[in-house]
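J.: First, the structure itself, so that you have it in front of you.
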Amino acid sequence: DVDILIDAHGRFDVPTAIRLCRSLEEAGQIDWFEEPCPPESLNALKQVRDKVSAPISWGERGHTKWDFVPVLENKLADYIMPDVTWTGGITELKKISALCEAYYVPVSPHDAAGPINVVAGAQVMMTVPNFYKLETSEWDLSKYDHLIDKPLDVSNGNLKLTSKPGLGVEMNRDYLQAHEIELG
Ligand SMILES: [Mg+2]
C-alpha cells in the first residue's frame, strides 16, 4: 500500500543507471526513479529514460526556471522536484511550478536542509495546482522540532501548515545562538 520512490542521487553513469533501474523494476513497480545520472548531461538522462519504464524525477539540482525548460521541452521527466533554497527562493519555485503546470507535469519540492526549507516549499505548493508530494530527506520531521518555535504538525504523512504570518514558523533563536559555530 505504499508508493516506491527511489533516489539514485545522480550517482550513476548511463549503463549502470539503466541496469540498476531495470533490475529494481523486476522486483516490483517503481513509482519514481530520481536523478539516475549526474545533472549536467540531459543527454545521459534521455538515454536512461528511453531504456527504463519507471517514471523519472529530476530537478533538485536545477537552479533557475531556464534549467527546467529543456527537461520539460524534451519530456525528460515525469516529475519535477526543485529545491526552494537552491532555486533562489519562493518566487523562483513558484515560477518553475507554473512552468511545469503549463506542461502538465507534477511538482514535488525537494528538502534536505531543515524546517524553513520544507515549510517554504510547502507554502508554495499551497498556491499551485500541480503539487504532487512534499519531499523531505527525513522520514520523521520531529527531528527539526528543536530548531523552530513550535513543532511541525505532521500526522499520517501530511504536513499541516499554520495560518500565521510569513512561513508560519520561527527559528528557535535561543537554541541557534547557544549552538553557534565560529566560521573562518
Ligand atoms: Mg534526491
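Just remember, in the C-alpha cells the first chain shown is A, the second B, etc., residues are 1-based per chain, and ligands are 1-based in the order shown.
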Dump as CSV the rows for residues of range 129-181 of chain A within 12 Å of range 52-69 of chain A: closest atom pair and distance in Å with one decimal, only C-alpha atoms counted, ordered by chain and rising residue number.

T.:
```
residue,atom,partner,partner_atom,distance
A:Tyr132,CA,A:Ser57,CA,11.5
A:Lys133,CA,A:Ser57,CA,11.9
A:Glu135,CA,A:Glu60,CA,10.4
A:Thr136,CA,A:Glu60,CA,11.4
A:Ser137,CA,A:Glu60,CA,12.0
```

J.: Listing only residues of chain A within 7 Å of ligand 1, what is the closest atom pair and its distance in Å (to one decimal) for each, using only C-alpha atoms and all ligand atoms, sorted by chain and residue number ascending, as JSON lines?

T.:
```
{"residue": "A:Asp7", "atom": "CA", "partner": "ligand 1", "partner_atom_place_in_ligand_line": "1 (Mg)", "distance": 5.4}
{"residue": "A:His9", "atom": "CA", "partner": "ligand 1", "partner_atom_place_in_ligand_line": "1 (Mg)", "distance": 4.9}
{"residue": "A:Glu34", "atom": "CA", "partner": "ligand 1", "partner_atom_place_in_ligand_line": "1 (Mg)", "distance": 6.4}
{"residue": "A:Glu35", "atom": "CA", "partner": "ligand 1", "partner_atom_place_in_ligand_line": "1 (Mg)", "distance": 6.8}
{"residue": "A:Glu60", "atom": "CA", "partner": "ligand 1", "partner_atom_place_in_ligand_line": "1 (Mg)", "distance": 6.4}
```

J.: Write out, as a Markdown table, each residue of range 58-114 of chain A that has an atom at most 10 Å from range 23-33 of chain A, together with the closest pair of atoms and their distance in Å to one decimal, counting only C-alpha atoms, rows going by chain and rising number.

T.:
```
| residue | atom | partner | partner_atom | distance |
| --- | --- | --- | --- | --- |
| A:Trp58 | CA | A:Phe33 | CA | 8.7 |
| A:Ala77 | CA | A:Phe33 | CA | 9.6 |
| A:Asp78 | CA | A:Trp32 | CA | 8.4 |
| A:Tyr79 | CA | A:Trp32 | CA | 8.0 |
```

J.: Suppose we keep all heavy atoms; can you now write the selection as a short mmCIF file (atom, residue, chain, number, x, y, z; two decimals), in the first residue's frame?

T.:
```cif
data_model
loop_
_atom_site.label_atom_id
_atom_site.label_comp_id
_atom_site.auth_asym_id
_atom_site.auth_seq_id
_atom_site.Cartn_x
_atom_site.Cartn_y
_atom_site.Cartn_z
N TRP A 58 13.29 14.61 -11.70
CA TRP A 58 14.51 15.41 -11.89
C TRP A 58 14.30 16.81 -11.33
O TRP A 58 13.19 17.33 -11.39
CB TRP A 58 14.83 15.51 -13.39
CG TRP A 58 16.16 16.17 -13.70
CD1 TRP A 58 17.37 15.55 -13.85
CD2 TRP A 58 16.41 17.57 -13.90
NE1 TRP A 58 18.35 16.48 -14.12
CE2 TRP A 58 17.79 17.73 -14.16
CE3 TRP A 58 15.60 18.71 -13.88
CZ2 TRP A 58 18.38 18.98 -14.40
CZ3 TRP A 58 16.18 19.96 -14.12
CH2 TRP A 58 17.56 20.07 -14.38
N ALA A 77 11.30 14.20 -17.92
CA ALA A 77 10.92 13.83 -16.55
C ALA A 77 9.41 13.79 -16.40
O ALA A 77 8.69 14.58 -17.03
CB ALA A 77 11.52 14.82 -15.56
N ASP A 78 8.96 12.84 -15.56
CA ASP A 78 7.53 12.76 -15.23
C ASP A 78 7.21 13.62 -14.02
O ASP A 78 6.06 14.00 -13.82
CB ASP A 78 7.16 11.31 -14.91
CG ASP A 78 7.41 10.41 -16.11
OD1 ASP A 78 6.58 10.40 -17.02
OD2 ASP A 78 8.47 9.74 -16.13
N TYR A 79 8.23 13.85 -13.20
CA TYR A 79 8.07 14.69 -12.00
C TYR A 79 9.23 15.66 -11.94
O TYR A 79 10.36 15.32 -12.26
CB TYR A 79 8.06 13.84 -10.72
CG TYR A 79 6.95 12.83 -10.68
CD1 TYR A 79 7.20 11.49 -10.98
CD2 TYR A 79 5.65 13.20 -10.36
CE1 TYR A 79 6.17 10.55 -10.96
CE2 TYR A 79 4.62 12.28 -10.34
CZ TYR A 79 4.88 10.95 -10.64
OH TYR A 79 3.87 10.03 -10.62
#
```

J.: Which residues of range 106-165 of chain A come within 12 Å of range 99-102 of chain A, and for each one, what is the closest pair of atoms and their distance in Å to one decimal, counting only C-alpha atoms, sorted by chain and residue number, as JSON lines?

T.:
```
{"residue": "A:Pro106", "atom": "CA", "partner": "A:Cys100", "partner_atom": "CA", "distance": 6.8}
{"residue": "A:Val107", "atom": "CA", "partner": "A:Cys100", "partner_atom": "CA", "distance": 7.2}
{"residue": "A:Ser108", "atom": "CA", "partner": "A:Cys100", "partner_atom": "CA", "distance": 10.8}
{"residue": "A:Met125", "atom": "CA", "partner": "A:Glu101", "partner_atom": "CA", "distance": 11.9}
{"residue": "A:Thr127", "atom": "CA", "partner": "A:Glu101", "partner_atom": "CA", "distance": 11.7}
{"residue": "A:Val128", "atom": "CA", "partner": "A:Glu101", "partner_atom": "CA", "distance": 8.1}
{"residue": "A:Pro129", "atom": "CA", "partner": "A:Glu101", "partner_atom": "CA", "distance": 7.5}
{"residue": "A:Asn130", "atom": "CA", "partner": "A:Glu101", "partner_atom": "CA", "distance": 5.9}
{"residue": "A:Phe131", "atom": "CA", "partner": "A:Glu101", "partner_atom": "CA", "distance": 9.1}
{"residue": "A:Tyr132", "atom": "CA", "partner": "A:Glu101", "partner_atom": "CA", "distance": 11.4}
```

J.: Per DSSP on the backbone, what are the alpha helix (DSSP H) residues of range 26-95 of chain A, as a list in words?

T.: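 Restricting range 26-95 of chain A to alpha helix (DSSP H) produces Glu26, Ala27, Leu42, Asn43, Ala44, Leu45, Lys46, Gln47, Val48, Arg49, Asp50, Lys51, Lys65, Trp66, Asp67, Phe68, Val69, Pro70, Val71, Leu72, Glu73, Ile90, Thr91, Glu92, Leu93, Lys94 and Lys95 of chain A.
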
J.: Excluding Pro109 in chain A and its own-chain neighbours fewer than 2 positions away, which residues fall within 6 Å of it when counting only C-alpha atoms? Please give them as a ChimeraX atom specification.

T.: /A:81-83,121,134-135

J.: Keeping all heavy atoms, export the residues of the selection given above as a PDB file, in the first residue's frame.

T.:
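Now in again28.pdb:
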```pdb
ATOM      1  N   MET A  81      11.271  18.222  -9.240  1.00  0.00           N
ATOM      2  CA  MET A  81      11.399  18.407  -7.789  1.00  0.00           C
ATOM      3  C   MET A  81      12.450  19.468  -7.439  1.00  0.00           C
ATOM      4  O   MET A  81      13.543  19.171  -6.961  1.00  0.00           O
ATOM      5  CB  MET A  81      11.690  17.063  -7.092  1.00  0.00           C
ATOM      6  CG  MET A  81      12.397  16.012  -7.922  1.00  0.00           C
ATOM      7  SD  MET A  81      14.176  16.041  -7.795  1.00  0.00           S
ATOM      8  CE  MET A  81      14.400  15.558  -6.104  1.00  0.00           C
ATOM      9  N   PRO A  82      12.100  20.741  -7.645  1.00  0.00           N
ATOM     10  CA  PRO A  82      13.048  21.822  -7.341  1.00  0.00           C
ATOM     11  C   PRO A  82      13.161  22.049  -5.831  1.00  0.00           C
ATOM     12  O   PRO A  82      12.218  21.779  -5.090  1.00  0.00           O
ATOM     13  CB  PRO A  82      12.405  23.056  -7.998  1.00  0.00           C
ATOM     14  CG  PRO A  82      11.088  22.609  -8.556  1.00  0.00           C
ATOM     15  CD  PRO A  82      10.795  21.247  -8.057  1.00  0.00           C
ATOM     16  N   ASP A  83      14.288  22.555  -5.417  1.00  0.00           N
ATOM     17  CA  ASP A  83      14.518  22.886  -4.002  1.00  0.00           C
ATOM     18  C   ASP A  83      14.345  24.392  -3.833  1.00  0.00           C
ATOM     19  O   ASP A  83      14.983  25.171  -4.542  1.00  0.00           O
ATOM     20  CB  ASP A  83      15.937  22.461  -3.603  1.00  0.00           C
ATOM     21  CG  ASP A  83      16.192  22.645  -2.119  1.00  0.00           C
ATOM     22  OD1 ASP A  83      16.186  23.802  -1.644  1.00  0.00           O
ATOM     23  OD2 ASP A  83      16.391  21.631  -1.434  1.00  0.00           O
ATOM     24  N   GLY A 121       8.857  25.381   0.923  1.00  0.00           N
ATOM     25  CA  GLY A 121       8.416  24.608  -0.240  1.00  0.00           C
ATOM     26  C   GLY A 121       6.943  24.267  -0.146  1.00  0.00           C
ATOM     27  O   GLY A 121       6.196  24.368  -1.126  1.00  0.00           O
ATOM     28  N   LEU A 134       5.215  16.325  -1.051  1.00  0.00           N
ATOM     29  CA  LEU A 134       6.252  17.100  -0.387  1.00  0.00           C
ATOM     30  C   LEU A 134       7.390  16.146  -0.059  1.00  0.00           C
ATOM     31  O   LEU A 134       7.211  15.201   0.714  1.00  0.00           O
ATOM     32  CB  LEU A 134       5.680  17.717   0.889  1.00  0.00           C
ATOM     33  CG  LEU A 134       6.513  18.765   1.600  1.00  0.00           C
ATOM     34  CD1 LEU A 134       6.707  19.998   0.729  1.00  0.00           C
ATOM     35  CD2 LEU A 134       5.844  19.143   2.922  1.00  0.00           C
ATOM     36  N   GLU A 135       8.547  16.387  -0.659  1.00  0.00           N
ATOM     37  CA  GLU A 135       9.669  15.504  -0.418  1.00  0.00           C
ATOM     38  C   GLU A 135      10.503  16.027   0.739  1.00  0.00           C
ATOM     39  O   GLU A 135      10.648  17.227   0.918  1.00  0.00           O
ATOM     40  CB  GLU A 135      10.551  15.413  -1.675  1.00  0.00           C
ATOM     41  CG  GLU A 135      11.517  14.241  -1.613  1.00  0.00           C
ATOM     42  CD  GLU A 135      12.767  14.439  -2.441  1.00  0.00           C
ATOM     43  OE1 GLU A 135      12.978  15.538  -2.978  1.00  0.00           O
ATOM     44  OE2 GLU A 135      13.546  13.490  -2.532  1.00  0.00           O
TER      45      GLU A 135
END
```

J.: In terms of the shortest atom-to-atom distance over only C-alpha atoms, which of A:Ile96, A:Gln123, A:Leu72, A:Leu152 is closest to Glu170 in chain A?

T.: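 Closest residue, counting only C-alpha atoms: A:Leu152.
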
J.: Between A:Leu141, A:Val154, A:Ala112, A:Leu167, which residue has the minimum interatomic distance to Val124 in chain A, considering only C-alpha atoms?

T.: A:Leu167

J.: Using only C-alpha atoms, which protein or nucleic acid residues come within 10 Å of Ile148 in chain A? Drop anything in the same chain fewer than 5 positions from it, and give the result as number ranges by chain.

T.: A: 114-116, 169-176

J.: Considering only C-alpha atoms, can you say which of A:Ser163, A:Val118, A:Arg11, A:Gly168 comes closest to Tyr144 in chain A?

T.: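 The closest residue to Tyr144 in chain A is A:Val118.
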
J.: I need the residues of range 42-83 of chain A that end up classed as strand (DSSP E) by DSSP on the backbone, written out as a ChimeraX atom specification.

T.: /A:56-58,79-80

J.: What is the CA of Gly89 in chain A-CA of Met126 in chain A distance in Å, reported with one decimal?

T.: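 These two atoms are separated by 15.2 Å.
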